[in-house]
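The data block below is model-v8.csv; it holds CSV, C-alpha atoms.
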```csv
chain,number,residue,atom,x,y,z
A,7,MET,CA,-12.1,-29.5,64.3
A,8,SER,CA,-12.0,-32.1,61.5
A,9,SER,CA,-11.0,-35.7,62.4
A,10,THR,CA,-9.8,-36.3,58.8
A,11,THR,CA,-6.0,-36.8,58.7
A,12,PRO,CA,-3.7,-35.2,56.0
A,13,LYS,CA,-3.3,-38.7,54.5
A,14,GLN,CA,-7.0,-39.2,54.2
A,15,GLN,CA,-7.4,-35.7,52.7
A,16,ASP,CA,-4.8,-36.6,50.1
A,17,ALA,CA,-6.5,-39.9,49.4
A,18,GLN,CA,-9.9,-38.1,48.9
A,19,GLU,CA,-8.3,-35.6,46.5
A,20,TYR,CA,-6.6,-38.5,44.6
A,21,VAL,CA,-9.9,-40.4,44.3
A,22,ASN,CA,-11.6,-37.2,43.0
A,23,ARG,CA,-8.9,-36.9,40.4
A,24,LEU,CA,-9.3,-40.5,39.4
A,25,ARG,CA,-13.1,-40.0,39.1
A,26,SER,CA,-12.5,-37.0,36.8
A,27,ALA,CA,-10.1,-39.0,34.7
A,28,ALA,CA,-12.7,-41.8,34.4
A,29,LEU,CA,-15.3,-39.4,33.1
A,30,ARG,CA,-12.9,-38.0,30.5
A,31,HIS,CA,-12.0,-41.5,29.3
A,32,ARG,CA,-13.0,-42.6,25.8
A,33,ALA,CA,-15.1,-45.4,27.3
A,34,VAL,CA,-17.4,-42.7,28.6
A,35,ASN,CA,-17.1,-40.4,25.6
A,36,HIS,CA,-17.0,-42.9,22.7
A,37,PRO,CA,-18.6,-41.9,19.4
A,38,TYR,CA,-20.5,-45.2,19.5
A,39,LEU,CA,-22.4,-44.1,22.5
A,40,GLY,CA,-23.3,-40.7,21.0
A,41,ALA,CA,-24.4,-42.4,17.7
A,42,LEU,CA,-26.5,-44.9,19.5
A,43,GLY,CA,-28.2,-42.3,21.7
A,44,SER,CA,-29.0,-40.0,18.8
A,45,GLY,CA,-30.3,-42.8,16.6
A,46,GLY,CA,-27.4,-42.2,14.3
A,47,LEU,CA,-26.4,-45.9,13.7
A,48,PRO,CA,-27.7,-47.8,10.6
A,49,CYS,CA,-30.7,-50.1,11.4
A,50,HIS,CA,-31.2,-48.5,14.8
A,51,GLN,CA,-33.3,-51.3,16.5
A,52,GLN,CA,-30.8,-53.9,15.3
A,53,ALA,CA,-28.0,-51.8,16.8
A,54,VAL,CA,-29.8,-51.6,20.1
A,55,ALA,CA,-30.5,-55.3,20.1
A,56,ASP,CA,-26.8,-56.0,19.3
A,57,PHE,CA,-25.7,-53.9,22.2
A,58,SER,CA,-28.2,-55.7,24.5
A,59,GLU,CA,-27.0,-59.1,23.5
A,60,GLN,CA,-23.3,-58.4,24.0
A,61,TYR,CA,-23.7,-56.4,27.2
A,62,ALA,CA,-25.9,-59.1,28.7
A,63,ASN,CA,-22.9,-61.4,28.7
A,64,TYR,CA,-21.2,-58.9,31.0
A,65,SER,CA,-24.2,-58.0,33.0
A,66,GLY,CA,-24.8,-61.7,33.8
A,67,LEU,CA,-21.4,-61.8,35.7
A,68,PHE,CA,-21.8,-58.6,37.7
A,69,THR,CA,-22.9,-60.4,40.9
A,70,THR,CA,-20.1,-62.8,40.5
A,71,PHE,CA,-17.7,-59.9,40.3
A,72,LEU,CA,-19.1,-58.5,43.6
A,73,THR,CA,-19.0,-61.9,45.4
A,74,THR,CA,-15.4,-62.5,44.2
A,75,LEU,CA,-14.3,-59.1,45.4
A,76,GLU,CA,-16.0,-59.2,48.8
A,77,PRO,CA,-13.7,-61.7,50.6
A,78,GLN,CA,-10.6,-59.9,49.3
A,79,LEU,CA,-11.3,-56.8,51.3
A,80,ASN,CA,-9.7,-56.7,54.7
A,81,ASN,CA,-12.0,-54.2,56.4
A,82,PRO,CA,-15.3,-55.7,57.7
A,83,GLU,CA,-17.2,-52.5,57.0
A,84,HIS,CA,-16.0,-52.6,53.4
A,85,ARG,CA,-17.2,-56.2,53.1
A,86,SER,CA,-20.6,-55.3,54.6
A,87,ARG,CA,-21.1,-52.5,52.0
A,88,ILE,CA,-20.3,-55.0,49.2
A,89,ARG,CA,-22.7,-57.5,50.6
A,90,ASP,CA,-25.4,-54.8,50.5
A,91,ASN,CA,-24.6,-54.2,46.9
A,92,ILE,CA,-24.8,-58.0,46.2
A,93,ALA,CA,-28.2,-58.1,47.8
A,94,GLU,CA,-29.5,-55.3,45.8
A,95,ALA,CA,-28.1,-56.7,42.5
A,96,SER,CA,-30.0,-59.9,43.4
A,97,GLY,CA,-33.3,-57.9,43.7
A,98,GLN,CA,-33.4,-57.6,47.5
A,99,TYR,CA,-34.1,-53.9,48.5
A,100,ASP,CA,-34.4,-52.3,51.9
A,101,SER,CA,-37.4,-50.1,52.7
A,102,GLN,CA,-35.4,-46.9,52.1
A,103,SER,CA,-34.3,-47.9,48.6
A,104,ILE,CA,-37.9,-49.0,47.7
A,105,ALA,CA,-39.2,-45.6,48.9
A,106,MET,CA,-36.5,-43.8,47.0
A,107,LEU,CA,-37.3,-45.6,43.8
A,108,ARG,CA,-41.0,-45.0,44.3
A,109,ASP,CA,-40.3,-41.3,44.5
A,110,TYR,CA,-38.6,-41.6,41.2
A,111,GLY,CA,-41.8,-43.0,39.8
A,112,VAL,CA,-40.8,-46.7,39.5
A,113,PRO,CA,-43.5,-49.1,40.6
A,114,GLN,CA,-42.2,-51.5,43.3
A,115,GLU,CA,-43.6,-54.5,41.4
A,116,ASP,CA,-41.4,-53.6,38.4
A,117,PHE,CA,-38.2,-54.2,40.3
A,118,ASP,CA,-38.6,-55.6,43.8
A,119,GLY,CA,-37.4,-59.2,44.0
A,120,VAL,CA,-36.1,-59.2,40.4
A,121,ALA,CA,-32.3,-59.6,40.0
A,122,HIS,CA,-30.7,-56.8,38.0
A,123,HIS,CA,-29.6,-59.2,35.3
A,124,ASP,CA,-33.2,-60.4,34.9
A,125,LEU,CA,-34.2,-56.7,34.5
A,126,PHE,CA,-31.5,-56.4,31.8
A,127,MET,CA,-32.8,-59.5,30.0
A,128,ARG,CA,-36.3,-58.0,30.1
A,129,PHE,CA,-34.9,-55.0,28.2
A,130,THR,CA,-33.0,-57.3,25.8
A,131,ARG,CA,-36.1,-59.3,24.9
A,132,ALA,CA,-38.1,-56.0,24.4
A,133,VAL,CA,-35.7,-54.7,21.8
A,134,GLY,CA,-35.6,-58.0,19.9
A,135,GLY,CA,-32.4,-59.3,21.4
A,136,THR,CA,-31.7,-62.9,22.2
A,137,THR,CA,-29.1,-64.9,24.1
A,138,SER,CA,-25.9,-64.9,22.1
A,139,GLN,CA,-22.3,-65.9,22.4
A,140,PRO,CA,-20.0,-63.2,23.8
A,141,SER,CA,-17.7,-61.5,21.4
A,142,PHE,CA,-13.9,-61.7,22.0
A,143,ALA,CA,-14.1,-58.2,23.4
A,144,VAL,CA,-16.6,-59.2,26.1
A,145,ARG,CA,-14.8,-62.5,26.9
A,146,ARG,CA,-11.6,-60.6,27.4
A,147,TRP,CA,-13.3,-57.9,29.5
A,148,ASN,CA,-15.0,-60.5,31.7
A,149,GLN,CA,-11.8,-62.4,32.2
A,150,SER,CA,-9.9,-59.3,33.2
A,151,MET,CA,-12.7,-58.3,35.6
A,152,LEU,CA,-12.5,-61.7,37.4
A,153,GLN,CA,-8.7,-61.4,37.7
A,154,LEU,CA,-9.0,-57.9,39.1
A,155,MET,CA,-11.6,-59.1,41.6
A,156,GLU,CA,-9.4,-61.9,42.8
A,157,ARG,CA,-6.5,-59.7,43.8
A,158,PRO,CA,-5.8,-59.7,47.6
A,159,GLY,CA,-6.7,-56.5,49.4
A,160,GLY,CA,-9.4,-55.6,46.8
A,161,HIS,CA,-7.6,-52.5,45.5
A,162,GLU,CA,-7.9,-53.4,41.8
A,163,GLY,CA,-11.4,-54.7,42.2
A,164,VAL,CA,-12.6,-51.5,43.9
A,165,GLY,CA,-10.9,-49.5,41.2
A,166,ALA,CA,-12.7,-51.5,38.5
A,167,LEU,CA,-16.1,-51.8,40.0
A,168,GLY,CA,-16.2,-48.5,41.8
A,169,LEU,CA,-14.3,-45.8,39.9
A,170,GLY,CA,-14.4,-47.7,36.6
A,171,THR,CA,-18.0,-48.8,36.7
A,172,GLU,CA,-20.4,-47.4,39.3
A,173,PHE,CA,-19.0,-43.9,38.8
A,174,ILE,CA,-19.6,-43.8,35.1
A,175,VAL,CA,-22.6,-46.0,34.3
A,176,PRO,CA,-25.2,-43.3,34.9
A,177,ARG,CA,-23.7,-41.3,32.1
A,178,LEU,CA,-23.3,-44.4,29.9
A,179,TYR,CA,-26.9,-45.5,30.5
A,180,SER,CA,-28.3,-42.1,29.6
A,181,HIS,CA,-27.2,-42.8,26.0
A,182,ILE,CA,-29.1,-46.1,26.1
A,183,GLU,CA,-32.2,-44.4,27.5
A,184,ARG,CA,-32.1,-41.8,24.7
A,185,ALA,CA,-31.7,-44.6,22.2
A,186,LEU,CA,-34.9,-46.2,23.5
A,187,ASP,CA,-36.8,-43.0,22.8
A,188,TYR,CA,-36.5,-43.9,19.1
A,189,LEU,CA,-38.3,-47.2,19.8
A,190,PRO,CA,-41.8,-46.2,20.7
A,191,THR,CA,-42.9,-49.8,21.5
A,192,ILE,CA,-40.6,-49.9,24.5
A,193,SER,CA,-42.5,-49.4,27.7
A,194,SER,CA,-41.4,-48.0,31.1
A,195,TYR,CA,-41.6,-51.6,32.4
A,196,ASP,CA,-39.0,-52.7,29.7
A,197,ARG,CA,-36.7,-49.8,30.7
A,198,THR,CA,-36.7,-50.6,34.4
A,199,PHE,CA,-33.0,-51.7,34.5
A,200,PHE,CA,-31.9,-48.3,33.4
A,201,THR,CA,-34.5,-46.3,35.3
A,202,ILE,CA,-33.4,-47.7,38.7
A,203,HIS,CA,-29.7,-47.3,38.1
A,204,GLY,CA,-29.7,-43.5,38.3
A,205,PRO,CA,-30.8,-43.2,42.0
A,206,VAL,CA,-29.4,-46.6,43.0
A,207,ASP,CA,-25.9,-46.0,41.6
A,208,GLU,CA,-25.7,-42.7,43.4
A,209,VAL,CA,-25.7,-44.7,46.6
A,210,HIS,CA,-23.2,-47.2,45.3
A,211,GLN,CA,-20.9,-44.4,44.2
A,212,ASN,CA,-20.8,-43.0,47.7
A,213,GLU,CA,-20.1,-46.4,49.1
A,214,PHE,CA,-17.3,-47.3,46.7
A,215,LYS,CA,-15.8,-43.8,47.1
A,216,ALA,CA,-15.5,-44.3,50.8
A,217,ILE,CA,-13.8,-47.7,50.3
A,218,ALA,CA,-11.5,-46.3,47.6
A,219,VAL,CA,-10.4,-43.4,49.8
A,220,ASP,CA,-9.4,-45.9,52.6
A,221,LEU,CA,-7.5,-48.0,50.0
A,222,CYS,CA,-5.7,-45.0,48.6
A,223,VAL,CA,-4.0,-43.8,51.7
A,224,THR,CA,-0.7,-45.3,50.6
A,225,ALA,CA,1.1,-44.8,47.3
A,226,ALA,CA,1.0,-48.5,46.5
A,227,GLY,CA,-2.7,-48.6,47.2
A,228,ARG,CA,-3.3,-45.7,44.8
A,229,ARG,CA,-1.4,-47.4,42.0
A,230,ARG,CA,-3.4,-50.5,42.4
A,231,VAL,CA,-6.8,-48.8,42.5
A,232,ALA,CA,-5.9,-46.7,39.4
A,233,ARG,CA,-4.7,-49.9,37.6
A,234,GLY,CA,-8.1,-51.5,38.2
A,235,MET,CA,-10.0,-48.5,37.0
A,236,PHE,CA,-8.1,-47.9,33.8
A,237,GLU,CA,-7.9,-51.5,32.9
A,238,THR,CA,-11.7,-52.0,33.0
A,239,LEU,CA,-12.3,-48.7,31.2
A,240,GLU,CA,-10.0,-49.8,28.3
A,241,HIS,CA,-11.8,-53.1,28.0
A,242,ARG,CA,-15.2,-51.3,28.0
A,243,ALA,CA,-13.9,-49.0,25.3
A,244,CYS,CA,-12.7,-51.9,23.2
A,245,LEU,CA,-16.3,-53.3,23.3
A,246,TRP,CA,-17.6,-50.0,22.0
A,247,ASP,CA,-15.0,-50.1,19.2
A,248,TRP,CA,-16.2,-53.5,18.2
A,249,LEU,CA,-19.9,-52.6,18.3
A,250,TYR,CA,-19.4,-49.4,16.5
A,251,GLU,CA,-17.5,-51.0,13.6
A,252,ARG,CA,-20.0,-53.9,13.6
A,253,ALA,CA,-23.0,-51.6,13.3
A,254,PHE,CA,-21.7,-50.3,9.9
A,255,ASN,CA,-20.2,-53.6,8.7
A,256,ARG,CA,-23.5,-55.5,9.2
A,257,THR,CA,-25.3,-52.9,7.0
A,258,GLN,CA,-22.6,-53.2,4.3
A,259,GLU,CA,-22.9,-57.0,4.4
A,260,ALA,CA,-26.7,-56.8,3.9
A,261,PHE,CA,-26.1,-55.1,0.5
A,262,ALA,CA,-23.2,-57.3,-0.6
```

Take the structure in the file and write it out as structure tokens.
Amino acid sequence: MSSTTPKQQDAQEYVNRLRSAALRHRAVNHPYLGALGSGGLPCHQQAVADFSEQYANYSGLFTTFLTTLEPQLNNPEHRSRIRDNIAEASGQYDSQSIAMLRDYGVPQEDFDGVAHHDLFMRFTRAVGGTTSQPSFAVRRWNQSMLQLMERPGGHEGVGALGLGTEFIVPRLYSHIERALDYLPTISSYDRTFFTIHGPVDEVHQNEFKAIAVDLCVTAAGRRRVARGMFETLEHRACLWDWLYERAFNRTQEAFA
């Protein structure tokens, strides 16, 4: 006999519907991602470098988002799961995660002890990107994320970081990995950030899903989790809008 209550079952179904909605969102199915992954943007390497420079300004704050969210959660088990995520984002892996990534063919020396943002900057340098000022789209996105993380109870933060981020980035990053296939000088070492996020994010998805289900037992909780998810998806999509337009405008400017 199942110990799951009707309210928990309803919450699970609601979270599953939210996840489906996230995967249908334009932030996940944007023409910019398709063009980048197929090599269809003008000046492909420049477009990849432009993506890397702008996204780095978001990636650099990801651990801050987690550490801001953690104390807002009321459940000690939820906070513990977020602390595990913080440790991993800082490059601290347990033996099980190391073994899992080895099975995926990722050498331990390529990732162990290296913060995820440093792995992203390794990729950025490899594609010719540099440190750059964030665009308005990134600044607005980061500001929104921090505000969502600060909300008491953690509902909006879990919606943003879980359903609006961890659940979708494997699909997003698959476009970037395909884009790198058009850059033959990029090594597996340079691609480590994306390689590890497939197996690692599967674990994070399950953890965030469990937290989201607990937070979605009430109608008010559902509204708050959904708000966080959709708000961050819209900001991500706005960044894709900006990068997509910029990829073509920069080419036109070069011939002006």

Checklist entry - Do you have the atom CA of A:Ile104-atom CA of A:Gly135 distance handy? => result 28.8 Å

Checklist entry - Near A:Leu125, counting all atoms listed in the file, which residues have an atom at most 12 Å away, once you skip same-chain residues fewer than 3 positions from it, shown as number ranges by chain? => result A: 58, 62, 65-66, 95-97, 115-122, 128-132, 194-203

Around (-28.5, -42.3, 32.4), as given in the file, which residues come within 12 Å? Count only C-alpha atoms and list them as a PDB file with C-alpha atoms, in the frame of the given file.
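Resulting contents of point-v7.pdb:
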```
ATOM      1  CA  VAL A  34     -17.400 -42.700  28.600  1.00  0.00           C
ATOM      2  CA  LEU A  39     -22.400 -44.100  22.500  1.00  0.00           C
ATOM      3  CA  GLY A  43     -28.200 -42.300  21.700  1.00  0.00           C
ATOM      4  CA  GLU A 172     -20.400 -47.400  39.300  1.00  0.00           C
ATOM      5  CA  PHE A 173     -19.000 -43.900  38.800  1.00  0.00           C
ATOM      6  CA  ILE A 174     -19.600 -43.800  35.100  1.00  0.00           C
ATOM      7  CA  VAL A 175     -22.600 -46.000  34.300  1.00  0.00           C
ATOM      8  CA  PRO A 176     -25.200 -43.300  34.900  1.00  0.00           C
ATOM      9  CA  ARG A 177     -23.700 -41.300  32.100  1.00  0.00           C
ATOM     10  CA  LEU A 178     -23.300 -44.400  29.900  1.00  0.00           C
ATOM     11  CA  TYR A 179     -26.900 -45.500  30.500  1.00  0.00           C
ATOM     12  CA  SER A 180     -28.300 -42.100  29.600  1.00  0.00           C
ATOM     13  CA  HIS A 181     -27.200 -42.800  26.000  1.00  0.00           C
ATOM     14  CA  ILE A 182     -29.100 -46.100  26.100  1.00  0.00           C
ATOM     15  CA  GLU A 183     -32.200 -44.400  27.500  1.00  0.00           C
ATOM     16  CA  ARG A 184     -32.100 -41.800  24.700  1.00  0.00           C
ATOM     17  CA  ALA A 185     -31.700 -44.600  22.200  1.00  0.00           C
ATOM     18  CA  LEU A 186     -34.900 -46.200  23.500  1.00  0.00           C
ATOM     19  CA  ARG A 197     -36.700 -49.800  30.700  1.00  0.00           C
ATOM     20  CA  THR A 198     -36.700 -50.600  34.400  1.00  0.00           C
ATOM     21  CA  PHE A 199     -33.000 -51.700  34.500  1.00  0.00           C
ATOM     22  CA  PHE A 200     -31.900 -48.300  33.400  1.00  0.00           C
ATOM     23  CA  THR A 201     -34.500 -46.300  35.300  1.00  0.00           C
ATOM     24  CA  ILE A 202     -33.400 -47.700  38.700  1.00  0.00           C
ATOM     25  CA  HIS A 203     -29.700 -47.300  38.100  1.00  0.00           C
ATOM     26  CA  GLY A 204     -29.700 -43.500  38.300  1.00  0.00           C
ATOM     27  CA  PRO A 205     -30.800 -43.200  42.000  1.00  0.00           C
ATOM     28  CA  VAL A 206     -29.400 -46.600  43.000  1.00  0.00           C
ATOM     29  CA  ASP A 207     -25.900 -46.000  41.600  1.00  0.00           C
ATOM     30  CA  GLU A 208     -25.700 -42.700  43.400  1.00  0.00           C
TER      31      GLU A 208
END
```

Checklist outcome for this item: A:Gln52 proximity check over A:Ala27, A:Ala105, A:Leu249, A:Cys222, using all atoms listed in the file: winner is A:Leu249

Item to check | Between atom CA of A:Asp247 and atom CA of A:Gly40, distance in Å (one decimal) | outcome: 12.7 Å

Next on the checklist: Which residue is closest to A:Ala253? Choose from A:Asp124, A:Asp56, A:Glu162, A:Asp220 and count all atoms listed in the file.
Outcome noted: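 For A:Ala253, the nearest of the given residues is A:Asp56.
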
Checklist entry - Using all atoms listed in the file, can you list as a list in words the residues within 9 Å of (-25.9, -49.2, 11.3)? => result Gly46, Leu47, Pro48, Cys49, His50, Gln52, Ala53, Tyr250, Glu251, Arg252, Ala253, Phe254, Asn255, Arg256, Thr257 and Gln258 of chain A

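Our summary of the geometry notes that atom CA of A:Asn22 is positioned 28.1 Å from atom CA of A:Arg146.
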
Item to check | Nearby residues (all atoms listed in the file) at most 12 Å from stretch 88-94 of chain A, same-chain spacing under 4 positions excluded, as an NGL selection string | outcome: :A and (67-79 or 81-84 or 98-101 or 103-104 or 117-123 or 160 or 163-164 or 167-168 or 172 or 202-203 or 206-207 or 209-214 or 216-217)

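Using all atoms listed in the file, the shortest contact distance between A:Leu29 and any of A:Ala218, A:Trp248, A:Thr171, A:Thr11 is found at A:Thr171.
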
Item to check | Residue nearest A:Ala166 among A:Phe126, A:Phe236, A:Tyr188, A:Tyr110 (counting only C-alpha atoms) | outcome: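 Going through A:Phe126, A:Phe236, A:Tyr188, A:Tyr110 one by one, the smallest distance to A:Ala166 is for A:Phe236.
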